[in-house]
file model10.cif (mmCIF, C-alpha atoms)
data_coords
#
loop_
_atom_site.label_atom_id
_atom_site.label_comp_id
_atom_site.auth_asym_id
_atom_site.auth_seq_id
_atom_site.Cartn_x
_atom_site.Cartn_y
_atom_site.Cartn_z
CA MET G 24 -29.93 38.68 -121.71
CA SER G 25 -30.43 34.97 -122.06
CA THR G 26 -33.88 34.60 -120.58
CA THR G 27 -36.16 32.87 -123.05
CA ALA G 28 -39.91 32.98 -123.41
CA LEU G 29 -39.99 29.39 -122.19
CA ASP G 30 -38.20 30.35 -118.95
CA LEU G 31 -40.79 33.00 -118.22
CA THR G 32 -43.73 30.88 -119.35
CA THR G 33 -42.68 28.11 -116.96
CA VAL G 34 -42.65 30.51 -114.02
CA LEU G 35 -45.81 32.31 -115.05
CA LYS G 36 -48.02 29.26 -115.50
CA ARG G 37 -47.06 28.27 -111.96
CA ARG G 38 -47.82 31.74 -110.63
CA VAL G 39 -51.29 31.81 -112.19
CA ARG G 40 -51.84 28.19 -111.15
CA ASP G 41 -52.39 27.00 -114.70
CA LEU G 42 -49.80 24.28 -115.11
CA LEU G 43 -51.71 22.52 -117.89
CA PHE G 44 -52.36 25.67 -119.95
CA THR G 45 -56.10 25.37 -119.35
CA ALA G 46 -56.85 29.06 -118.87
CA HIS G 47 -54.08 30.44 -121.08
CA THR G 48 -52.21 28.72 -123.89
CA ALA G 49 -48.43 29.06 -124.18
CA SER G 50 -49.02 31.38 -127.12
CA ASP G 51 -51.38 33.52 -124.98
CA ILE G 52 -48.72 33.80 -122.32
CA ARG G 53 -46.05 34.86 -124.83
CA PHE G 54 -48.46 37.48 -126.21
CA VAL G 55 -48.81 38.98 -122.74
CA LEU G 56 -45.10 38.67 -121.93
CA SER G 57 -44.22 40.57 -125.10
CA GLU G 58 -46.33 43.51 -124.03
CA ALA G 59 -45.11 43.30 -120.42
CA GLN G 60 -41.54 43.56 -121.66
CA ARG G 61 -42.49 46.76 -123.54
CA ILE G 62 -44.13 48.31 -120.49
CA VAL G 63 -41.03 47.56 -118.43
CA ASN G 64 -38.78 49.01 -121.10
CA ALA G 65 -40.91 52.14 -121.37
CA ARG G 66 -40.46 52.63 -117.63
CA THR G 67 -36.79 51.75 -117.34
CA ARG G 68 -35.42 52.74 -120.76
CA ALA G 69 -33.20 49.67 -120.47
CA VAL G 70 -33.00 49.14 -124.22
CA LEU G 71 -32.90 52.22 -126.38
CA GLY G 72 -33.43 52.49 -130.09
CA SER G 73 -33.13 55.16 -132.72
CA VAL G 74 -34.83 56.05 -135.95
CA THR G 75 -33.40 58.31 -138.61
CA TYR G 76 -35.93 60.71 -140.03
CA GLU G 77 -35.60 63.35 -142.67
CA VAL G 78 -37.47 66.53 -141.82
CA PRO G 79 -38.68 67.82 -145.19
CA ALA G 80 -37.54 71.27 -146.34
CA GLU G 81 -39.82 74.08 -145.28
CA SER G 82 -42.13 71.53 -143.72
CA ARG G 83 -43.78 74.22 -141.64
CA TYR G 84 -43.78 72.86 -138.15
CA LEU G 85 -45.28 69.43 -138.27
CA ALA G 86 -44.12 65.88 -138.57
CA HIS G 87 -46.19 62.89 -137.64
CA ASP G 88 -44.12 60.75 -135.34
CA PRO G 89 -42.62 58.04 -137.58
CA THR G 90 -41.64 55.81 -134.67
CA SER G 91 -45.05 54.34 -133.82
CA SER G 92 -43.91 50.72 -134.11
CA THR G 93 -40.18 51.09 -133.45
CA LEU G 94 -39.93 53.23 -130.32
CA LEU G 95 -42.15 53.36 -127.27
CA ARG G 96 -41.63 57.09 -126.98
CA VAL G 97 -39.35 59.77 -128.39
CA ASP G 98 -37.17 61.09 -125.57
CA HIS G 99 -34.28 62.75 -127.41
CA ILE G 100 -33.60 64.13 -130.86
CA ARG G 101 -30.15 64.69 -132.32
CA ALA G 102 -29.43 66.82 -135.38
CA ALA G 103 -26.02 67.46 -136.93
CA GLY G 104 -24.34 65.59 -134.08
CA ARG G 105 -25.85 67.56 -131.23
CA ASP G 106 -28.84 67.13 -128.95
CA LEU G 107 -31.78 69.39 -129.60
CA PRO G 108 -33.40 70.78 -126.47
CA ARG G 109 -36.97 69.74 -125.93
CA VAL G 110 -39.48 72.47 -125.14
CA ASP G 111 -43.20 72.46 -124.54
CA LEU G 112 -45.56 74.24 -126.85
CA HIS G 113 -46.36 77.05 -124.44
CA SER G 114 -42.69 77.80 -123.77
CA LEU G 115 -42.04 77.86 -127.49
CA THR G 116 -44.83 80.37 -127.97
CA GLY G 117 -43.39 82.42 -125.13
CA VAL G 118 -39.96 82.50 -126.74
CA ASP G 119 -41.11 83.08 -130.31
CA SER G 120 -44.78 83.56 -131.05
CA ARG G 121 -43.93 83.38 -134.77
CA TRP G 122 -42.68 79.80 -134.48
CA PRO G 123 -45.41 78.39 -136.73
CA SER G 124 -43.93 80.31 -139.65
CA SER G 125 -40.25 80.35 -138.68
CA LEU G 126 -37.70 78.99 -141.12
CA GLY G 127 -34.01 78.51 -140.38
CA SER G 128 -30.86 76.84 -141.55
CA ARG G 129 -30.38 74.98 -138.26
CA LEU G 130 -32.87 73.23 -135.99
CA LYS G 131 -32.89 74.73 -132.51
CA ALA G 132 -35.49 72.79 -130.56
CA TRP G 133 -38.27 70.25 -130.74
CA ALA G 134 -41.58 69.70 -129.05
CA ARG G 135 -44.02 66.86 -128.86
CA VAL G 136 -47.73 67.43 -129.13
CA GLY G 137 -49.96 64.59 -128.04
CA HIS G 138 -48.85 61.07 -128.71
CA ASP G 139 -48.12 61.34 -132.39
CA LEU G 140 -46.94 64.76 -133.48
CA LEU G 141 -43.47 66.30 -133.44
CA ILE G 142 -42.64 69.94 -133.97
CA PHE G 143 -39.23 70.98 -135.27
CA TYR G 144 -38.27 74.58 -134.64
CA PRO G 145 -37.57 76.36 -136.83
CA ALA G 146 -38.70 74.50 -139.93
CA PRO G 147 -35.50 73.75 -141.91
CA LEU G 148 -34.78 75.57 -145.15
CA LEU G 149 -33.32 72.35 -146.54
CA ALA G 150 -34.28 68.76 -145.81
CA THR G 151 -32.52 67.84 -142.57
CA SER G 152 -31.76 64.42 -141.17
CA VAL G 153 -32.44 63.90 -137.45
CA GLU G 154 -32.05 60.94 -135.13
CA LEU G 155 -35.01 60.17 -132.89
CA ARG G 156 -34.10 58.23 -129.76
CA GLY G 157 -36.14 56.54 -127.07
CA PRO G 158 -36.99 53.21 -125.46
CA LEU G 159 -37.18 50.48 -128.07
CA TYR G 160 -40.48 48.81 -129.00
CA THR G 161 -39.12 45.44 -127.96
CA ASN G 162 -39.53 42.18 -129.81
CA GLU G 163 -42.57 39.94 -130.00
CA LEU G 164 -41.85 36.67 -128.24
CA THR G 165 -43.09 34.40 -131.00
CA SER G 166 -41.73 31.07 -129.81
CA ASP G 167 -40.38 29.35 -126.71
CA THR G 168 -36.84 30.11 -127.81
CA SER G 169 -37.40 33.85 -128.28
CA VAL G 170 -35.02 35.77 -126.04
CA LEU G 171 -35.89 38.85 -123.98
CA GLN G 172 -34.29 42.08 -125.17
CA VAL G 173 -34.26 43.77 -121.77
CA PRO G 174 -31.69 42.68 -119.15
CA ASP G 175 -32.41 39.57 -117.11
CA SER G 176 -32.55 41.71 -113.97
CA LEU G 177 -35.89 43.11 -115.17
CA ARG G 178 -37.61 39.75 -115.58
CA GLY G 179 -39.30 40.13 -112.18
CA GLY G 180 -41.13 43.23 -113.33
CA ILE G 181 -42.17 41.55 -116.57
CA LEU G 182 -43.54 38.55 -114.70
CA ASP G 183 -45.51 40.77 -112.30
CA ILE G 184 -47.18 42.70 -115.10
CA ALA G 185 -47.93 39.56 -117.10
CA GLU G 186 -49.30 37.81 -114.01
CA ALA G 187 -51.59 40.74 -113.22
CA LEU G 188 -52.90 40.82 -116.80
CA LEU G 189 -53.56 37.09 -116.94
CA LEU G 190 -55.32 37.04 -113.57
CA VAL G 191 -57.51 40.00 -114.53
CA ARG G 192 -58.31 38.11 -117.72
CA GLN G 193 -59.46 35.23 -115.51
CA ARG G 194 -61.44 37.69 -113.35
CA LEU G 195 -59.31 36.70 -110.34
CA PHE G 196 -59.11 40.29 -109.20
CA ARG G 197 -58.04 39.70 -105.61
CA SER G 198 -55.28 37.39 -106.71
CA ALA G 199 -54.12 39.96 -109.26
CA GLU G 200 -53.74 42.75 -106.72
CA PRO G 201 -50.39 41.76 -105.14
CA ALA G 202 -48.75 41.28 -108.55
CA ALA G 203 -50.16 44.57 -109.86
CA ALA G 204 -49.02 46.44 -106.74
CA HIS G 205 -45.58 44.85 -106.90
CA ALA G 206 -45.24 45.67 -110.59
CA VAL G 207 -45.96 49.34 -109.94
CA GLU G 208 -43.60 49.43 -106.97
CA VAL G 209 -40.73 47.69 -108.78
CA GLN G 210 -41.11 49.84 -111.88
CA ASN G 211 -41.29 53.08 -109.92
CA ASN G 212 -38.05 52.23 -108.19
CA ARG G 213 -36.32 51.62 -111.46
CA VAL G 214 -37.40 54.63 -113.43
CA ILE G 215 -34.28 56.29 -114.77
CA MET I 221 -51.38 47.38 -136.57
CA GLY I 222 -53.24 49.87 -134.37
CA GLN I 223 -56.96 49.19 -134.27
CA ALA I 224 -56.70 45.60 -135.51
CA ARG I 225 -54.28 44.64 -132.77
CA ALA I 226 -56.26 46.52 -130.15
CA GLN I 227 -59.25 44.40 -131.13
CA GLN I 228 -57.08 41.32 -130.80
CA TRP I 229 -56.20 42.43 -127.26
CA ALA I 230 -59.84 43.08 -126.40
CA SER I 231 -60.84 39.65 -127.63
CA PHE I 232 -57.95 38.10 -125.71
CA MET I 233 -58.72 39.80 -122.39
CA SER I 234 -62.43 38.93 -122.65
CA TYR I 235 -61.94 35.34 -123.85
CA GLY I 236 -63.69 36.33 -127.07
CA ARG I 237 -66.79 37.64 -125.27
CA ALA I 238 -66.30 41.30 -126.19
CA ASP I 239 -68.78 42.42 -128.84
CA ALA I 240 -66.78 42.40 -132.07
CA VAL I 241 -69.51 44.31 -133.95
CA ALA I 242 -69.62 47.13 -131.41
CA PHE I 243 -65.83 47.28 -131.08
CA PRO I 244 -65.11 49.79 -133.90
CA ARG I 245 -67.61 52.30 -132.52
CA LEU I 246 -66.46 51.90 -128.94
CA PHE I 247 -62.85 52.13 -130.07
CA GLU I 248 -63.55 55.41 -131.88
CA GLU I 249 -65.20 56.79 -128.75
CA THR I 250 -62.15 55.75 -126.77
CA VAL I 251 -59.76 57.42 -129.21
CA GLN I 252 -61.83 60.60 -129.04
CA ASP I 253 -61.88 60.49 -125.27
CA VAL I 254 -58.14 60.03 -124.99
CA GLY I 255 -57.83 62.96 -127.41
CA ARG I 256 -59.37 65.23 -124.81
CA ASP I 257 -56.59 64.31 -122.45
CA PRO I 258 -54.05 67.11 -121.98
CA ARG I 259 -51.47 64.76 -123.47
CA GLY I 260 -53.38 64.97 -126.72
CA TRP I 261 -53.92 62.28 -129.22
CA CYS I 262 -54.14 61.99 -132.96
CA THR I 263 -53.00 65.48 -133.73
CA GLN I 264 -53.64 67.27 -136.98
CA THR I 265 -53.64 70.75 -138.42
CA VAL I 266 -56.49 72.38 -140.26
CA ALA I 267 -55.90 75.50 -142.32
CA ASP I 268 -58.59 78.11 -142.47
CA ALA I 269 -58.57 81.77 -143.45
CA THR I 270 -59.81 84.79 -141.59
CA VAL I 271 -62.58 86.94 -142.99
CA ALA I 272 -62.33 90.67 -142.44
CA GLY I 273 -64.67 91.68 -139.63
CA THR I 274 -65.32 88.13 -138.43
CA ALA I 275 -64.19 86.99 -135.01
CA LEU I 276 -65.85 83.57 -134.76
CA TYR I 277 -64.52 80.46 -136.50
CA THR I 278 -65.82 76.91 -136.26
CA VAL I 279 -63.49 73.92 -136.23
CA PRO I 280 -64.48 70.58 -137.84
CA ALA I 281 -67.07 68.42 -136.11
CA ALA I 282 -64.51 65.66 -135.61
CA THR I 283 -62.40 67.86 -133.36
CA ALA I 284 -61.74 66.39 -129.93
CA ALA I 285 -59.68 69.31 -128.64
CA ILE I 286 -58.01 72.48 -129.90
CA LEU I 287 -54.35 72.52 -128.93
CA GLY I 288 -53.31 75.78 -130.58
CA VAL I 289 -54.26 78.49 -133.06
CA ALA I 290 -51.97 80.55 -135.30
CA PHE I 291 -52.89 83.69 -137.25
CA ASP I 292 -50.70 84.49 -140.24
CA GLY I 293 -47.87 82.37 -138.83
CA ARG I 294 -48.06 83.79 -135.32
CA ALA I 295 -49.16 81.56 -132.43
CA LEU I 296 -52.08 83.01 -130.49
CA SER I 297 -52.32 82.69 -126.75
CA LEU I 298 -55.35 81.07 -125.18
CA GLU I 299 -57.15 83.48 -122.87
CA GLN I 300 -60.20 83.16 -120.65
CA ILE I 301 -63.14 85.46 -121.42
CA ASP I 302 -62.77 86.97 -117.93
CA THR I 303 -59.16 87.91 -118.66
CA LEU I 304 -60.13 89.61 -121.92
CA THR I 305 -62.95 91.46 -120.16
CA MET I 306 -60.49 92.69 -117.53
CA ARG I 307 -58.25 93.89 -120.32
CA ALA I 308 -60.94 95.89 -122.05
CA ARG I 309 -64.64 95.97 -121.36
CA ASP I 310 -65.36 96.34 -125.09
CA TRP I 311 -62.88 93.64 -126.15
CA ARG I 312 -65.44 91.99 -128.41
CA ASP I 313 -65.47 95.12 -130.62
CA ILE I 314 -61.74 95.82 -130.84
CA THR I 315 -60.22 95.30 -134.28
CA GLY I 316 -56.69 94.49 -135.44
CA ASP I 317 -54.45 91.48 -136.00
CA PRO I 318 -55.43 88.72 -133.55
CA ILE I 319 -53.07 88.01 -130.65
CA ALA I 320 -55.28 85.67 -128.61
CA TYR I 321 -58.17 83.26 -128.86
CA THR I 322 -60.85 82.04 -126.54
CA PHE I 323 -63.83 79.71 -126.58
CA GLU I 324 -67.42 80.75 -126.52
CA ASP I 325 -69.04 79.38 -123.37
CA GLU I 326 -71.80 77.54 -125.14
CA ASN I 327 -69.73 75.71 -127.74
CA ASP I 328 -66.12 74.60 -127.51
CA ARG I 329 -65.90 74.10 -131.27
CA ILE I 330 -66.34 77.83 -131.87
CA VAL I 331 -63.19 79.86 -131.48
CA ARG I 332 -63.27 83.62 -131.01
CA VAL I 333 -60.10 85.42 -132.01
CA PHE I 334 -59.13 88.72 -130.40
CA PRO I 335 -58.97 91.41 -131.75
CA ILE I 336 -61.32 91.02 -134.73
CA PRO I 337 -59.19 90.65 -137.88
CA GLN I 338 -59.57 93.24 -140.58
CA ARG I 339 -57.73 91.34 -143.27
CA VAL I 340 -57.66 87.94 -144.91
CA ALA I 341 -54.86 85.71 -143.63
CA THR I 342 -54.23 82.09 -142.75
CA LEU I 343 -55.72 80.77 -139.55
CA ASP I 344 -54.18 77.42 -138.58
CA PHE I 345 -55.73 75.18 -135.99
CA LEU I 346 -53.66 72.55 -134.23
CA LEU I 347 -56.20 69.94 -133.26
CA SER I 348 -56.57 66.55 -131.79
CA GLU I 349 -59.12 64.94 -133.96
CA ARG I 350 -61.28 61.91 -134.22
CA ARG I 351 -60.19 59.57 -136.93
CA GLY I 352 -62.44 59.25 -139.94
CA ASP I 353 -62.58 59.74 -143.66
CA THR I 354 -60.57 62.91 -143.45
CA PHE I 355 -58.16 61.51 -140.91
CA PRO I 356 -57.63 57.82 -141.64
CA ARG I 357 -54.27 57.42 -139.92
CA ASP I 358 -54.21 54.42 -137.61
CA THR I 359 -53.39 54.67 -133.92
CA PRO I 360 -49.74 54.06 -132.86
CA ASP I 361 -48.88 50.42 -132.18
CA ARG I 362 -47.46 51.27 -128.77
CA LEU I 363 -50.95 52.24 -127.58
CA ASP I 364 -52.69 49.03 -128.63
CA LEU I 365 -53.01 47.62 -125.11
CA PRO I 366 -54.22 50.73 -123.27
CA LEU I 367 -56.70 51.56 -126.03
CA ALA I 368 -58.00 47.99 -126.02
CA LEU I 369 -58.46 48.07 -122.26
CA LEU I 370 -60.21 51.43 -122.31
CA THR I 371 -62.49 50.15 -125.06
CA LEU I 372 -63.27 47.11 -122.92
CA THR I 373 -64.09 49.47 -120.06
CA ARG I 374 -66.79 51.06 -122.22
CA GLU I 375 -68.13 47.70 -123.26
CA TYR I 376 -68.27 46.23 -119.76
CA GLN I 377 -69.69 49.33 -118.09
CA ARG I 378 -72.70 49.63 -120.38
CA GLU I 379 -75.96 47.80 -119.87
CA SER I 380 -75.73 44.34 -121.42
CA ASP I 381 -75.99 40.64 -120.58
CA HIS I 382 -72.27 40.60 -119.78
CA ARG I 383 -71.92 43.83 -117.83
CA ASP I 384 -68.98 43.53 -115.41
CA GLY I 385 -68.10 46.61 -113.37
CA PRO I 386 -65.12 45.16 -111.48
CA PHE I 387 -63.51 43.98 -114.72
CA ALA I 388 -64.08 47.40 -116.32
CA GLU I 389 -62.52 49.04 -113.29
CA ARG I 390 -59.38 46.88 -113.53
CA CYS I 391 -59.10 47.51 -117.26
CA THR I 392 -59.12 51.26 -116.63
CA ALA I 393 -56.50 51.00 -113.89
CA ILE I 394 -54.11 48.97 -116.04
CA ALA I 395 -54.65 51.19 -119.09
CA ASN I 396 -53.88 54.34 -117.11
CA SER I 397 -50.77 52.76 -115.67
CA VAL I 398 -49.53 51.79 -119.15
CA LEU I 399 -50.34 55.23 -120.57
CA GLU I 400 -48.37 56.77 -117.76
CA ALA I 401 -45.38 54.56 -118.58
CA LEU I 402 -45.52 55.64 -122.21
CA THR I 403 -45.62 59.39 -121.65
#
call {"tool": "encode", "arguments": {"input": "model10.cif", "output": "structure tokens"}}
result
Amino acid sequence: MSTTALDLTTVLKRRVRDLLFTAHTASDIRFVLSEAQRIVNARTRAVLGSVTYEVPAESRYLAHDPTSSTLLRVDHIRAAGRDLPRVDLHSLTGVDSRWPSSLGSRLKAWARVGHDLLIFYPAPLLATSVELRGPLYTNELTSDTSVLQVPDSLRGGILDIAEALLLVRQRLFRSAEPAAAHAVEVQNNRVI
Amino acid sequence: MGQARAQQWASFMSYGRADAVAFPRLFEETVQDVGRDPRGWCTQTVADATVAGTALYTVPAATAAILGVAFDGRALSLEQIDTLTMRARDWRDITGDPIAYTFEDENDRIVRVFPIPQRVATLDFLLSERRGDTFPRDTPDRLDLPLALLTLTREYQRESDHRDGPFAERCTAIANSVLEALT
């Protein structure tokens, strides 16, 4: 993981035929590369992160996802050293229709509703610490020396996404198509 | 960052041509639209209480979608009117503790619980809701780009001196691809 923002910027300005930074400044390109790295990480889960969260006692069944700017998604939750199974809301209702009012000494499962709500089942009698895990919201590439967080092997996918975004920005839609198609293809092949 | 960064993205992708004044309104419409998606959006609960003999309850105007309803701590199942009619022709008159809910055809903000409750108890709605005074939480940072692009789609599809259908189309395609990666 030694690829710097400058390495990628050098390649990208050539790809979008903007060697003199006329259409996009170096800062613009880093802005796009930062987001492209996140999209690639969301797909590949190459770099994972975790957030510790304390589920309040008797918190009913709701917790707003506290990982908005640290994780790209919550994939797993661990409590008391073990993984909690993830269920969907309908399955939970099928298993226990009284889940909205259930209290227990040990968490048994979790569910995600929408993009920003987590359900812990049953609601804990005492405040309980859990570990939320998922792909990391990777770093902002703020300068030429900023280093990618995902492995170097994924730089191709990052460049494709960034190229497609920059060319769409320039309204060069036909030129953007191969990069966009390649980005989708590469990412699909690498989904874990 | 949420909305502020989404606006930064919109300005970036449009070389500053996107209407900054219209952005907040278009962004809200986008958030509401994404809230209707089965994946849900800014989720929230609203507590209400049943009234003996009343089957119809109205959720707040800001509701984008109802994701679940619970009566006295018990989750109710969503049923179609046809299914309830098959169950009992006079289902609208049956009384007891509710076990299901359905929507009235003419208004999806009015929920009918079945059977009709005969006692006062909590009625919790799990909603996806438009943001506003009662729901000021910002959108998650990870959705800045797709929300910005979907907002640009609205802007560039509408009638204006900078209408640009092909650009709007590309914005939608990229936004959907990113949303898919994030879910």
call {"tool": "atom_distance", "arguments": {"input": "model10.cif", "atom1": "CA of Thr270 in chain I", "atom2": "CA of Gln338 in chain I"}}
result
8.5 Å
call {"tool": "residues_around", "arguments": {"input": "model10.cif", "residues": "Leu363 in chain I", "least_positions_apart": "6", "cutoff": "10 Å", "atoms": "only C-alpha atoms", "output": "VMD selection string"}}
result
(chain G and resid 91 to 92 95 138) or (chain I and resid 222 to 223 225 to 226 395 398 to 399 402)
call {"tool": "closest_residue", "arguments": {"input": "model10.cif", "among": "G:Val74, G:Ala59, G:Ala69, G:Ala150", "to": "chain I", "atoms": "all atoms listed in the file"}}
result
G:Ala59
call {"tool": "resolve_selection", "arguments": {"input": "model10.cif", "expression": "the PyMOL selection byres ((chain G) within 7 of (chain I))", "output": "PyMOL selection string"}}
result
chain G and resi 62+65-66+91-92+95-96+116+120-124+136-140+192+194
call {"tool": "residues_around", "arguments": {"input": "model10.cif", "residues": "Phe143 in chain G", "least_positions_apart": "2", "cutoff": "10 Å", "atoms": "only C-alpha atoms", "output": "tab-separated table (two decimals) with C-alpha atoms, in the frame of the given file"}}
result
chain	number	residue	atom	x	y	z
G	78	VAL	CA	-37.47	66.53	-141.82
G	82	SER	CA	-42.13	71.53	-143.72
G	83	ARG	CA	-43.78	74.22	-141.64
G	84	TYR	CA	-43.78	72.86	-138.15
G	85	LEU	CA	-45.28	69.43	-138.27
G	86	ALA	CA	-44.12	65.88	-138.57
G	100	ILE	CA	-33.60	64.13	-130.86
G	107	LEU	CA	-31.78	69.39	-129.60
G	109	ARG	CA	-36.97	69.74	-125.93
G	122	TRP	CA	-42.68	79.80	-134.48
G	123	PRO	CA	-45.41	78.39	-136.73
G	130	LEU	CA	-32.87	73.23	-135.99
G	131	LYS	CA	-32.89	74.73	-132.51
G	132	ALA	CA	-35.49	72.79	-130.56
G	133	TRP	CA	-38.27	70.25	-130.74
G	134	ALA	CA	-41.58	69.70	-129.05
G	135	ARG	CA	-44.02	66.86	-128.86
G	141	LEU	CA	-43.47	66.30	-133.44
G	145	PRO	CA	-37.57	76.36	-136.83
G	146	ALA	CA	-38.70	74.50	-139.93
G	147	PRO	CA	-35.50	73.75	-141.91
call {"tool": "residues_around", "arguments": {"input": "model10.cif", "residues": "Leu149 in chain G", "least_positions_apart": "2", "cutoff": "8 Å", "atoms": "only C-alpha atoms", "output": "list in words"}}
result
Pro79, Ala80, Glu81, Ser128, Pro147 and Thr151 of chain G
call {"tool": "atom_distance", "arguments": {"input": "model10.cif", "atom1": "CA of Val63 in chain G", "atom2": "CA of Asp183 in chain G"}}
result
10.2 Å
call {"tool": "resolve_selection", "arguments": {"input": "model10.cif", "expression": "the PyMOL selection byres ((chain I and resi 277) around 10)", "output": "ChimeraX atom specification"}}
result
/I:268-271,274-276,278-280,323,329-333,343
call {"tool": "resolve_selection", "arguments": {"input": "model10.cif", "expression": "the PyMOL selection byres ((chain G and resi 163) around 9)", "output": "PDB file with C-alpha atoms, keeping the file's coordinate frame"}}
result
ATOM      1  CA  ARG G  53     -46.050  34.860-124.830  1.00  0.00           C
ATOM      2  CA  PHE G  54     -48.460  37.480-126.210  1.00  0.00           C
ATOM      3  CA  LEU G  56     -45.100  38.670-121.930  1.00  0.00           C
ATOM      4  CA  SER G  57     -44.220  40.570-125.100  1.00  0.00           C
ATOM      5  CA  GLU G  58     -46.330  43.510-124.030  1.00  0.00           C
ATOM      6  CA  THR G 161     -39.120  45.440-127.960  1.00  0.00           C
ATOM      7  CA  ASN G 162     -39.530  42.180-129.810  1.00  0.00           C
ATOM      8  CA  LEU G 164     -41.850  36.670-128.240  1.00  0.00           C
ATOM      9  CA  THR G 165     -43.090  34.400-131.000  1.00  0.00           C
ATOM     10  CA  SER G 166     -41.730  31.070-129.810  1.00  0.00           C
ATOM     11  CA  SER G 169     -37.400  33.850-128.280  1.00  0.00           C
TER      12      SER G 169
END
call {"tool": "axis_aligned_box", "arguments": {"input": "model10.cif", "around": "range 32-36 of chain G", "padding_each_side": "4 Å", "output": "AutoDock Vina command-line options"}}
result
--center_x -45.3 --center_y 30.2 --center_z -116.7 --size_x 13.4 --size_y 12.2 --size_z 13.3
call {"tool": "residues_around", "arguments": {"input": "model10.cif", "residues": "Tyr76 in chain G", "least_positions_apart": "3", "cutoff": "8 Å", "atoms": "all atoms listed in the file", "output": "tab-separated table (two decimals) with C-alpha atoms, in the coordinates of the input"}}
result
chain	number	residue	atom	x	y	z
G	89	PRO	CA	-42.62	58.04	-137.58
G	152	SER	CA	-31.76	64.42	-141.17
G	153	VAL	CA	-32.44	63.90	-137.45
G	154	GLU	CA	-32.05	60.94	-135.13
G	155	LEU	CA	-35.01	60.17	-132.89
